[in-house]
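First the structure, in the form of structure tokens, and then the observations on it.
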Amino acid sequence: MMRKEIAELSEKYKKIFEDCSDEIWATPEINFTEHKSHAAALKCMEELGFEISMLPDMDTAFIATAGHGKPVIGILGELDALPGLSQKADCDHLDPVENAAPGHGCGHNLLGCGGMETAYILWKYFQENGIEGTIKYFSCPAEEGGVGKVYMIHRGAFDDVDFCVNWHPSTMFGISHSGKSILLRNYKFHGVASHAAGNPEKGRSALDALEIMNIGIQFIREHMDKETFIHYAITNTGGFAANVVQAYAEGQYVIRCKDNTELKKMDARVQKIAKGAALITETEVEEPEIVSAFSSFVDNTTLADIARENIKECMPIQYTEEELAYLKKFIACGSTPDEEEIVPTKIREDQPTSTDVSDVSWVVPTVMISVPTWAVGTPGHSWNVTAQGKSPVAHKGMNIAAQIMANIVLDVIEKPGTIEKAKEELQANLKGRTYESECFIPKGKKPVPIY
Ligand SMILES: [Zn+2]
């Protein structure tokens with residue numbers, strides 16, 4: 001239910017979060033190095049009166065808490081940028097602020113500050129209406145590849161949380177119901193260098209091993225689940241001279257599956273292929289290190305149904321003439337839009353998500369929505385996103401997202417039994433599996449930047 005008071009609170013305080021979002025946009029930092037963005041977000045929440053707590057080994061993560069008692073409400077936020085997506089604001093042709101520098105090509109400046117706004121207007125609403133409950137805003141680093149939330153889960157960040165609400169900036173309104181499990185490992189082969197013509201019999205090529213590994217993977221593609229993908233990159237060929245047998249080679253492999261169970265099976269098969277390639281070439285393959293891993297998304301229809309009703313009440317977004325002109329400018333420069341509407345009027349619920357929010361969905365009932373902040377047709381992870389990241393249209397989307405999320409939370413806590421129902425649904429969907437046993441990243445591992 002859209003509450004007038006929530007809209008008024010957003011209107012009253014939105015400038016604080018728009019300014020913070022613009023500040024974070026201007027200091028784009030990649031996974032686990034978000035020091036300036038982290039400082040800006042932390043300062044903002046501290047000044048607003050939230051109590052700040054930190055987590056071990058994670059100097060760019062924080063939890064901002066307000067209110068007291070039960071329920072405990074989690075609002076998730078992110079603040080990391082992407083490498084190479086620097087772009088001048090509002091510019092509709094490629095023109096980086098700094099060549100090859102990071103940029104907010106996924107809109108996490110808006111994502112984080114929209115979550116902060118949600119937490120703040122909720123807290124104000126709680127105070128004004130005498131509502132019991134604890135609000136926790138989670139500032140999560142390294143969503144882009146670094147899976148910051150996995151390390152936060154391992155550190156107990158979500159242990160007392162009853163449910164989580166999250167959004168992502170987008171070109172459309174949406175609710176996530178699915179997301180694949182993803183595993184990224186590096187494979188390192190060691191051989192023996194030798195003169196390729198003088199002593200070829202003495203050499204054992206690590207590059208040959210890597211090539212055979214890829215051939216092996218080509219042959220299992222026919223015999224794997226239709227929803228599975230395997231991607232690779234050769235990240236180290238072992239040298240640039242064809243007359244030297246390569247003693248070292250390295251490849252990166254990403255496996256995407258419908259769920260963690262299937263991913264475990266595929267991971268074991270890919271490891272067998274690597275061992276086979278080493279056997280054939282008489283090289284050695286190291287135990288492949290896990291770089292990052294996302295779990296599949298656990299849908300929660302109890303929360304999603306409430307989200308849908310609240311999104312509907314905000315549709316369509318009312319844009320000014322200038323804002324419509326701005327959107328049209330970016331539609332013209334982006335890739336061909338696959339939707340005709342400039343102002344989205346549908347809620348997309350068929351788009352799979354690929355984010356570490358999925359990991360949180362295993363331990364806490366979680367709902368994830370999308371709200372338009374960019375022109376229809378804007379490709380994700382692009383300079384076009386960076387360009388549109390601090391416009392009035394982006395700010396408007398962020399403020400609408402905050403209002404929708406605050407209203408979702410209020411609907412959940414006001415209707416007796418909803419939290420229990422959401423928790424029961426989570427347990428039913430897990431079918432006896434636990435996050436502990438399914439997670440690929442070991443509990444003791446410390447977070448490291450992956451780029
Ligand atoms: Zn993102």
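Here, A, B, ... name the chains of the structure tokens in the order displayed, residue numbers run from 1 inside each chain, and ligands are numbered from 1 in the same displayed order.
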
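Backbone DSSP of segment 121-211 of chain A yields helix (DSSP H, G or I) at Ile121, Leu122, Trp123, Lys124, Tyr125, Phe126, Gln127, Glu128, Asn129, Gly148, Lys149, Val150, Tyr151, Met152, Ile153, His154, Pro200, Glu201, Lys202, Ala206, Leu207, Asp208, Ala209, Leu210 and Glu211 of chain A.
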
Between chain A and ligand 1, at 8 Å or less, what are the per-residue closest atom pairs and their distances in Å? Count only C-alpha atoms and all ligand atoms, order by chain and rising residue number, and return it as JSON lines.
{"residue": "A:Glu78", "atom": "CA", "partner": "ligand 1", "partner_atom_place_in_ligand_line": "1 (Zn)", "distance": 8.0}
{"residue": "A:Cys106", "atom": "CA", "partner": "ligand 1", "partner_atom_place_in_ligand_line": "1 (Zn)", "distance": 4.6}
{"residue": "A:Gly107", "atom": "CA", "partner": "ligand 1", "partner_atom_place_in_ligand_line": "1 (Zn)", "distance": 6.5}
{"residue": "A:His108", "atom": "CA", "partner": "ligand 1", "partner_atom_place_in_ligand_line": "1 (Zn)", "distance": 6.0}
{"residue": "A:Glu143", "atom": "CA", "partner": "ligand 1", "partner_atom_place_in_ligand_line": "1 (Zn)", "distance": 6.9}
{"residue": "A:Glu144", "atom": "CA", "partner": "ligand 1", "partner_atom_place_in_ligand_line": "1 (Zn)", "distance": 6.8}
{"residue": "A:His168", "atom": "CA", "partner": "ligand 1", "partner_atom_place_in_ligand_line": "1 (Zn)", "distance": 6.6}
{"residue": "A:Pro169", "atom": "CA", "partner": "ligand 1", "partner_atom_place_in_ligand_line": "1 (Zn)", "distance": 7.8}
{"residue": "A:Thr355", "atom": "CA", "partner": "ligand 1", "partner_atom_place_in_ligand_line": "1 (Zn)", "distance": 7.3}
{"residue": "A:His381", "atom": "CA", "partner": "ligand 1", "partner_atom_place_in_ligand_line": "1 (Zn)", "distance": 7.9}

Writing out the chosen residues with C-alpha atoms as a PDB file, in the first residue's frame:
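Result went into again_8.pdb, see below:
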ATOM      1  CA  GLU A  78      26.088  -1.878  -3.074  1.00  0.00           C
ATOM      2  CA  CYS A 106      25.894  -0.840 -13.214  1.00  0.00           C
ATOM      3  CA  GLY A 107      24.427   2.079 -11.259  1.00  0.00           C
ATOM      4  CA  HIS A 108      25.519   0.937  -7.817  1.00  0.00           C
ATOM      5  CA  GLU A 143      29.040  -7.245  -5.941  1.00  0.00           C
ATOM      6  CA  GLU A 144      30.787  -7.224  -9.318  1.00  0.00           C
ATOM      7  CA  HIS A 168      18.595  -2.726  -8.757  1.00  0.00           C
ATOM      8  CA  PRO A 169      18.549   0.277 -11.095  1.00  0.00           C
ATOM      9  CA  THR A 355      24.126 -11.230  -8.245  1.00  0.00           C
ATOM     10  CA  HIS A 381      27.380  -2.809 -17.799  1.00  0.00           C
TER      11      HIS A 381
END

Between segment 88-166 of chain A and segment 384-396 of chain A, at 12 Å or less, what are the per-residue closest atom pairs and their distances in Å? Count only C-alpha atoms, order by chain and rising residue number, and return it as a Markdown table.
| residue | atom | partner | partner_atom | distance |
| --- | --- | --- | --- | --- |
| A:Lys88 | CA | A:Ala387 | CA | 5.8 |
| A:Ala89 | CA | A:Ala387 | CA | 4.3 |
| A:Asp90 | CA | A:Ala387 | CA | 4.9 |
| A:Cys91 | CA | A:Ala387 | CA | 5.9 |
| A:Asp92 | CA | A:Asn384 | CA | 7.2 |
| A:His93 | CA | A:Asn384 | CA | 8.2 |
| A:Leu94 | CA | A:Asn384 | CA | 8.0 |
| A:Asp95 | CA | A:Ala387 | CA | 9.3 |
| A:Pro96 | CA | A:Ala387 | CA | 9.3 |
| A:Val97 | CA | A:Ala387 | CA | 10.2 |
| A:Ala101 | CA | A:Thr386 | CA | 11.9 |
| A:Pro102 | CA | A:Thr386 | CA | 9.7 |
| A:Gly103 | CA | A:Thr386 | CA | 6.1 |
| A:His104 | CA | A:Thr386 | CA | 4.9 |
| A:Gly105 | CA | A:Thr386 | CA | 4.5 |
| A:Cys106 | CA | A:Val385 | CA | 6.4 |
| A:Gly107 | CA | A:Gly389 | CA | 6.1 |
| A:His108 | CA | A:Gly389 | CA | 9.0 |
| A:Asn109 | CA | A:Gly389 | CA | 7.7 |
| A:Leu110 | CA | A:Gly389 | CA | 7.3 |
| A:Leu111 | CA | A:Ala394 | CA | 10.4 |
| A:Cys113 | CA | A:His395 | CA | 9.9 |
| A:Gly114 | CA | A:His395 | CA | 9.0 |
| A:Glu117 | CA | A:His395 | CA | 11.5 |

Mind writing the picked residues with N, CA, C and O atoms as an mmCIF file, in the first residue's frame?
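So selection.cif came out as:
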data_model
loop_
_atom_site.group_PDB
_atom_site.id
_atom_site.type_symbol
_atom_site.label_atom_id
_atom_site.label_comp_id
_atom_site.auth_asym_id
_atom_site.auth_seq_id
_atom_site.Cartn_x
_atom_site.Cartn_y
_atom_site.Cartn_z
ATOM 1 N N LYS A 88 31.692 10.528 -19.199
ATOM 2 C CA LYS A 88 31.191 11.814 -18.710
ATOM 3 C C LYS A 88 29.676 11.760 -18.526
ATOM 4 O O LYS A 88 28.971 11.172 -19.349
ATOM 5 N N ALA A 89 29.208 12.416 -17.479
ATOM 6 C CA ALA A 89 27.769 12.418 -17.177
ATOM 7 C C ALA A 89 26.991 13.083 -18.300
ATOM 8 O O ALA A 89 27.437 14.095 -18.864
ATOM 9 N N ASP A 90 25.851 12.507 -18.632
ATOM 10 C CA ASP A 90 24.876 13.050 -19.592
ATOM 11 C C ASP A 90 25.369 13.100 -21.039
ATOM 12 O O ASP A 90 24.687 13.654 -21.900
ATOM 13 N N CYS A 91 26.540 12.540 -21.303
ATOM 14 C CA CYS A 91 27.116 12.603 -22.646
ATOM 15 C C CYS A 91 26.668 11.365 -23.447
ATOM 16 O O CYS A 91 26.869 10.238 -23.003
ATOM 17 N N ASP A 92 26.051 11.569 -24.621
ATOM 18 C CA ASP A 92 25.460 10.449 -25.354
ATOM 19 C C ASP A 92 26.383 9.833 -26.406
ATOM 20 O O ASP A 92 25.932 9.107 -27.286
ATOM 21 N N HIS A 93 27.670 10.137 -26.352
ATOM 22 C CA HIS A 93 28.645 9.403 -27.159
ATOM 23 C C HIS A 93 29.839 9.103 -26.253
ATOM 24 O O HIS A 93 30.076 9.814 -25.280
ATOM 25 N N LEU A 94 30.575 8.054 -26.604
ATOM 26 C CA LEU A 94 31.653 7.605 -25.713
ATOM 27 C C LEU A 94 32.685 8.709 -25.482
ATOM 28 O O LEU A 94 33.293 9.212 -26.431
ATOM 29 N N ASP A 95 32.831 9.117 -24.237
ATOM 30 C CA ASP A 95 33.777 10.172 -23.870
ATOM 31 C C ASP A 95 34.128 9.994 -22.387
ATOM 32 O O ASP A 95 33.477 10.563 -21.507
ATOM 33 N N PRO A 96 35.150 9.170 -22.105
ATOM 34 C CA PRO A 96 35.465 8.868 -20.708
ATOM 35 C C PRO A 96 35.963 10.088 -19.928
ATOM 36 O O PRO A 96 36.601 10.970 -20.498
ATOM 37 N N VAL A 97 35.673 10.120 -18.638
ATOM 38 C CA VAL A 97 36.265 11.119 -17.740
ATOM 39 C C VAL A 97 37.772 10.864 -17.736
ATOM 40 O O VAL A 97 38.579 11.783 -17.800
ATOM 41 N N ALA A 101 39.565 4.021 -17.078
ATOM 42 C CA ALA A 101 39.311 4.071 -15.629
ATOM 43 C C ALA A 101 37.947 3.437 -15.316
ATOM 44 O O ALA A 101 37.110 3.275 -16.206
ATOM 45 N N PRO A 102 37.716 3.062 -14.036
ATOM 46 C CA PRO A 102 36.408 2.495 -13.691
ATOM 47 C C PRO A 102 35.280 3.512 -13.833
ATOM 48 O O PRO A 102 35.520 4.732 -13.846
ATOM 49 N N GLY A 103 34.081 3.013 -13.918
ATOM 50 C CA GLY A 103 32.895 3.871 -13.979
ATOM 51 C C GLY A 103 31.704 3.128 -13.414
ATOM 52 O O GLY A 103 31.719 1.893 -13.327
ATOM 53 N N HIS A 104 30.665 3.885 -13.048
ATOM 54 C CA HIS A 104 29.481 3.247 -12.465
ATOM 55 C C HIS A 104 28.553 2.721 -13.554
ATOM 56 O O HIS A 104 27.430 3.193 -13.716
ATOM 57 N N GLY A 105 29.054 1.729 -14.268
ATOM 58 C CA GLY A 105 28.322 1.133 -15.384
ATOM 59 C C GLY A 105 27.253 0.144 -14.983
ATOM 60 O O GLY A 105 26.636 -0.495 -15.838
ATOM 61 N N CYS A 106 27.008 0.000 -13.660
ATOM 62 C CA CYS A 106 25.894 -0.840 -13.214
ATOM 63 C C CYS A 106 24.992 -0.060 -12.246
ATOM 64 O O CYS A 106 24.085 -0.605 -11.648
ATOM 65 N N GLY A 107 25.315 1.225 -12.066
ATOM 66 C CA GLY A 107 24.427 2.079 -11.259
ATOM 67 C C GLY A 107 24.416 1.805 -9.771
ATOM 68 O O GLY A 107 23.445 2.103 -9.075
ATOM 69 N N HIS A 108 25.527 1.276 -9.244
ATOM 70 C CA HIS A 108 25.519 0.937 -7.817
ATOM 71 C C HIS A 108 25.553 2.166 -6.912
ATOM 72 O O HIS A 108 25.249 2.064 -5.727
ATOM 73 N N ASN A 109 25.929 3.321 -7.461
ATOM 74 C CA ASN A 109 25.816 4.564 -6.684
ATOM 75 C C ASN A 109 24.356 4.791 -6.304
ATOM 76 O O ASN A 109 24.026 5.145 -5.171
ATOM 77 N N LEU A 110 23.455 4.542 -7.270
ATOM 78 C CA LEU A 110 22.020 4.703 -7.032
ATOM 79 C C LEU A 110 21.506 3.571 -6.142
ATOM 80 O O LEU A 110 20.722 3.798 -5.221
ATOM 81 N N LEU A 111 21.982 2.364 -6.434
ATOM 82 C CA LEU A 111 21.551 1.185 -5.677
ATOM 83 C C LEU A 111 21.801 1.379 -4.171
ATOM 84 O O LEU A 111 20.905 1.220 -3.337
ATOM 85 N N CYS A 113 22.577 4.206 -2.454
ATOM 86 C CA CYS A 113 21.933 5.371 -1.831
ATOM 87 C C CYS A 113 20.416 5.215 -1.778
ATOM 88 O O CYS A 113 19.773 5.726 -0.857
ATOM 89 N N GLY A 114 19.845 4.482 -2.734
ATOM 90 C CA GLY A 114 18.411 4.164 -2.677
ATOM 91 C C GLY A 114 18.100 3.300 -1.453
ATOM 92 O O GLY A 114 17.082 3.488 -0.781
ATOM 93 N N GLU A 117 18.324 5.535 1.599
ATOM 94 C CA GLU A 117 17.110 6.361 1.704
ATOM 95 C C GLU A 117 15.947 5.529 2.277
ATOM 96 O O GLU A 117 15.211 6.000 3.142
#

Leaving out Asn214 of chain A and any residue of its chain fewer than 3 positions from it, which residues lie within 12 Å of it when counting only C-alpha atoms, given as number ranges by chain? A: 187, 207-211, 217-221, 230-234, 250-253, 270-271, 273-274, 276-277

May I have the residues from that selection written out with C-alpha atoms, as a JSON list (two decimals), in the first residue's frame?
[["chain", "number", "residue", "atom", "x", "y", "z"],
["A", 187, "TYR", "CA", 43.32, -23.48, -13.79],
["A", 207, "LEU", "CA", 49.78, -24.55, -23.27],
["A", 208, "ASP", "CA", 49.06, -27.90, -24.95],
["A", 209, "ALA", "CA", 47.40, -29.01, -21.72],
["A", 210, "LEU", "CA", 45.20, -25.92, -21.69],
["A", 211, "GLU", "CA", 44.24, -26.45, -25.32],
["A", 217, "ILE", "CA", 35.06, -29.03, -22.56],
["A", 218, "GLN", "CA", 33.79, -28.74, -26.15],
["A", 219, "PHE", "CA", 32.95, -32.45, -26.06],
["A", 220, "ILE", "CA", 30.94, -32.32, -22.82],
["A", 221, "ARG", "CA", 28.75, -29.46, -24.06],
["A", 230, "ILE", "CA", 30.79, -22.93, -19.63],
["A", 231, "HIS", "CA", 32.84, -19.87, -20.58],
["A", 232, "TYR", "CA", 36.60, -19.56, -20.65],
["A", 233, "ALA", "CA", 39.46, -17.13, -21.12],
["A", 234, "ILE", "CA", 43.13, -18.00, -21.65],
["A", 250, "GLU", "CA", 46.63, -20.46, -17.13],
["A", 251, "GLY", "CA", 42.94, -20.32, -17.98],
["A", 252, "GLN", "CA", 39.83, -19.02, -16.27],
["A", 253, "TYR", "CA", 36.61, -21.03, -16.43],
["A", 270, "VAL", "CA", 35.51, -29.85, -15.51],
["A", 271, "GLN", "CA", 38.13, -30.72, -12.90],
["A", 273, "ILE", "CA", 38.95, -32.80, -17.80],
["A", 274, "ALA", "CA", 41.79, -30.66, -16.44],
["A", 276, "GLY", "CA", 42.96, -35.65, -18.05],
["A", 277, "ALA", "CA", 44.65, -32.87, -20.03]]

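Put simply, atom CA of Asn243 of chain A is 6.2 Å away from atom CA of His195 of chain A.
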
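When only C-alpha atoms are used to measure the gap to Val364 of chain A, the shortest distance among A:Leu263, A:Cys314, A:Met398, A:Val165 belongs to A:Val165.
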
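Using only C-alpha atoms, the nearest neighbour of Glu286 of chain A within the list A:Phe189, A:Phe229, A:Phe330, A:Tyr248 is A:Phe189.
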
Rounded to one decimal, what separation in Å do you get between atom CA of Lys421 of chain A and atom CA of Thr302 of chain A? 6.9 Å

With the cut-off set at 7 Å and counting only C-alpha atoms, tabulate each residue of segment 28-102 of chain A with an atom at most that distance from an atom of segment 427-451 of chain A, showing the nearest atom pair and its distance in Å to one decimal, ordered by chain and increasing number, as CSV.
residue,atom,partner,partner_atom,distance
A:Asn31,CA,A:Pro449,CA,5.6
A:Phe32,CA,A:Pro449,CA,5.6
A:Asp57,CA,A:Lys446,CA,6.7

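Between atom CA of Gly179 of chain A and atom CA of Phe297 of chain A the separation is 4.7 Å.
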
Nearby residues (only C-alpha atoms) at most 7 Å from Thr366 of chain A, same-chain spacing under 6 positions excluded, as a short mmCIF file (atom, residue, chain, number, x, y, z; two decimals) with N, CA, C and O atoms, in the first residue's frame:
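Saved the output as result-v2.cif:
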data_model
loop_
_atom_site.label_atom_id
_atom_site.label_comp_id
_atom_site.auth_asym_id
_atom_site.auth_seq_id
_atom_site.Cartn_x
_atom_site.Cartn_y
_atom_site.Cartn_z
N PHE A 163 13.87 -10.56 7.26
CA PHE A 163 13.70 -10.59 5.81
C PHE A 163 14.50 -9.43 5.20
O PHE A 163 14.84 -8.47 5.88
N CYS A 164 14.83 -9.57 3.91
CA CYS A 164 15.63 -8.56 3.23
C CYS A 164 14.90 -8.03 2.00
O CYS A 164 14.23 -8.77 1.28
N VAL A 165 15.10 -6.73 1.77
CA VAL A 165 14.55 -6.08 0.59
C VAL A 165 15.71 -5.43 -0.16
O VAL A 165 16.63 -4.88 0.45
N ASN A 300 11.01 -16.03 -3.28
CA ASN A 300 10.09 -15.95 -2.15
C ASN A 300 8.82 -15.23 -2.61
O ASN A 300 8.77 -14.00 -2.66
#

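For the choices A:Glu425, A:Asp411, A:Glu287, A:Glu227, the atom-to-atom distance to Lys258 of chain A is smallest for A:Glu227 when using only C-alpha atoms.
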
Which residues come within 12 Å of Lys4 of chain A, counting only C-alpha atoms, excluding same-chain residues fewer than 2 positions away, as a list of chain:residue names? A:Met1, A:Met2, A:Ile6, A:Ala7, A:Glu8, A:Leu9, A:Ser10, A:Glu11, A:Tyr125, A:Glu313, A:Gln403, A:Ile404, A:Ala406, A:Asn407

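Among the candidate residues A:Lys275, A:Arg204, A:Lys264, A:Lys136, the one lying nearest to Pro71 of chain A is A:Lys136, with distances computed using only C-alpha atoms.
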
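These are the residues of segment 247-340 of chain A assigned strand (DSSP E or B) by DSSP from backbone coordinates: Tyr248, Ala249, Glu250, Gly251, Gln252, Tyr253, Val254, Ile255, Arg256, Cys257, Glu284, Val285, Glu289, Ile290, Val291, Ser292, Ala293 and Phe294 of chain A.
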
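With only C-alpha atoms as the basis for measurement, A:Leu79 is the residue among A:Ala61, A:Ile347, A:Ala278, A:Leu79 that approaches Thr27 of chain A most closely.
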
Excluding Phe294 of chain A and residues on its chain fewer than 6 positions from it, collect all residues at most 8 Å away from it, counting only C-alpha atoms, and give them as JSON, numbers by chain. {"A": [147, 180, 181, 182, 183, 354, 355, 356, 358, 359]}

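Closest approach to Leu55 of chain A among A:Trp25, A:Phe126, A:Tyr151, A:Tyr13 is made by A:Tyr151 (distances from only C-alpha atoms).
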
Which neighbours of Leu184 of chain A fall inside 8 Å, counting only C-alpha atoms, when residues of the same chain fewer than 4 positions from it are skipped, and could you give them as an mmCIF file with N, CA and C atoms, in the first residue's frame?
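Wrote it out as selection19.cif, contents follow:
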data_model
loop_
_atom_site.group_PDB
_atom_site.id
_atom_site.type_symbol
_atom_site.label_atom_id
_atom_site.label_comp_id
_atom_site.auth_asym_id
_atom_site.auth_seq_id
_atom_site.Cartn_x
_atom_site.Cartn_y
_atom_site.Cartn_z
ATOM 1 N N GLN A 252 40.895 -19.281 -17.236
ATOM 2 C CA GLN A 252 39.834 -19.017 -16.273
ATOM 3 C C GLN A 252 38.545 -19.625 -16.818
ATOM 4 N N TYR A 253 37.837 -20.355 -15.996
ATOM 5 C CA TYR A 253 36.614 -21.030 -16.426
ATOM 6 C C TYR A 253 35.453 -20.611 -15.542
ATOM 7 N N VAL A 254 34.358 -20.258 -16.212
ATOM 8 C CA VAL A 254 33.135 -19.886 -15.492
ATOM 9 C C VAL A 254 32.062 -20.903 -15.858
ATOM 10 N N ILE A 255 31.462 -21.498 -14.857
ATOM 11 C CA ILE A 255 30.360 -22.437 -15.085
ATOM 12 C C ILE A 255 29.092 -21.809 -14.530
ATOM 13 N N ILE A 290 39.270 -21.197 -6.354
ATOM 14 C CA ILE A 290 37.973 -20.556 -6.588
ATOM 15 C C ILE A 290 38.176 -19.057 -6.502
ATOM 16 N N VAL A 291 37.789 -18.353 -7.569
ATOM 17 C CA VAL A 291 37.908 -16.896 -7.549
ATOM 18 C C VAL A 291 36.622 -16.293 -6.989
ATOM 19 N N SER A 292 35.494 -16.746 -7.521
ATOM 20 C CA SER A 292 34.239 -16.294 -6.941
ATOM 21 C C SER A 292 33.145 -17.298 -7.255
ATOM 22 N N ALA A 293 32.069 -17.219 -6.506
ATOM 23 C CA ALA A 293 30.953 -18.141 -6.713
ATOM 24 C C ALA A 293 29.665 -17.510 -6.186
#
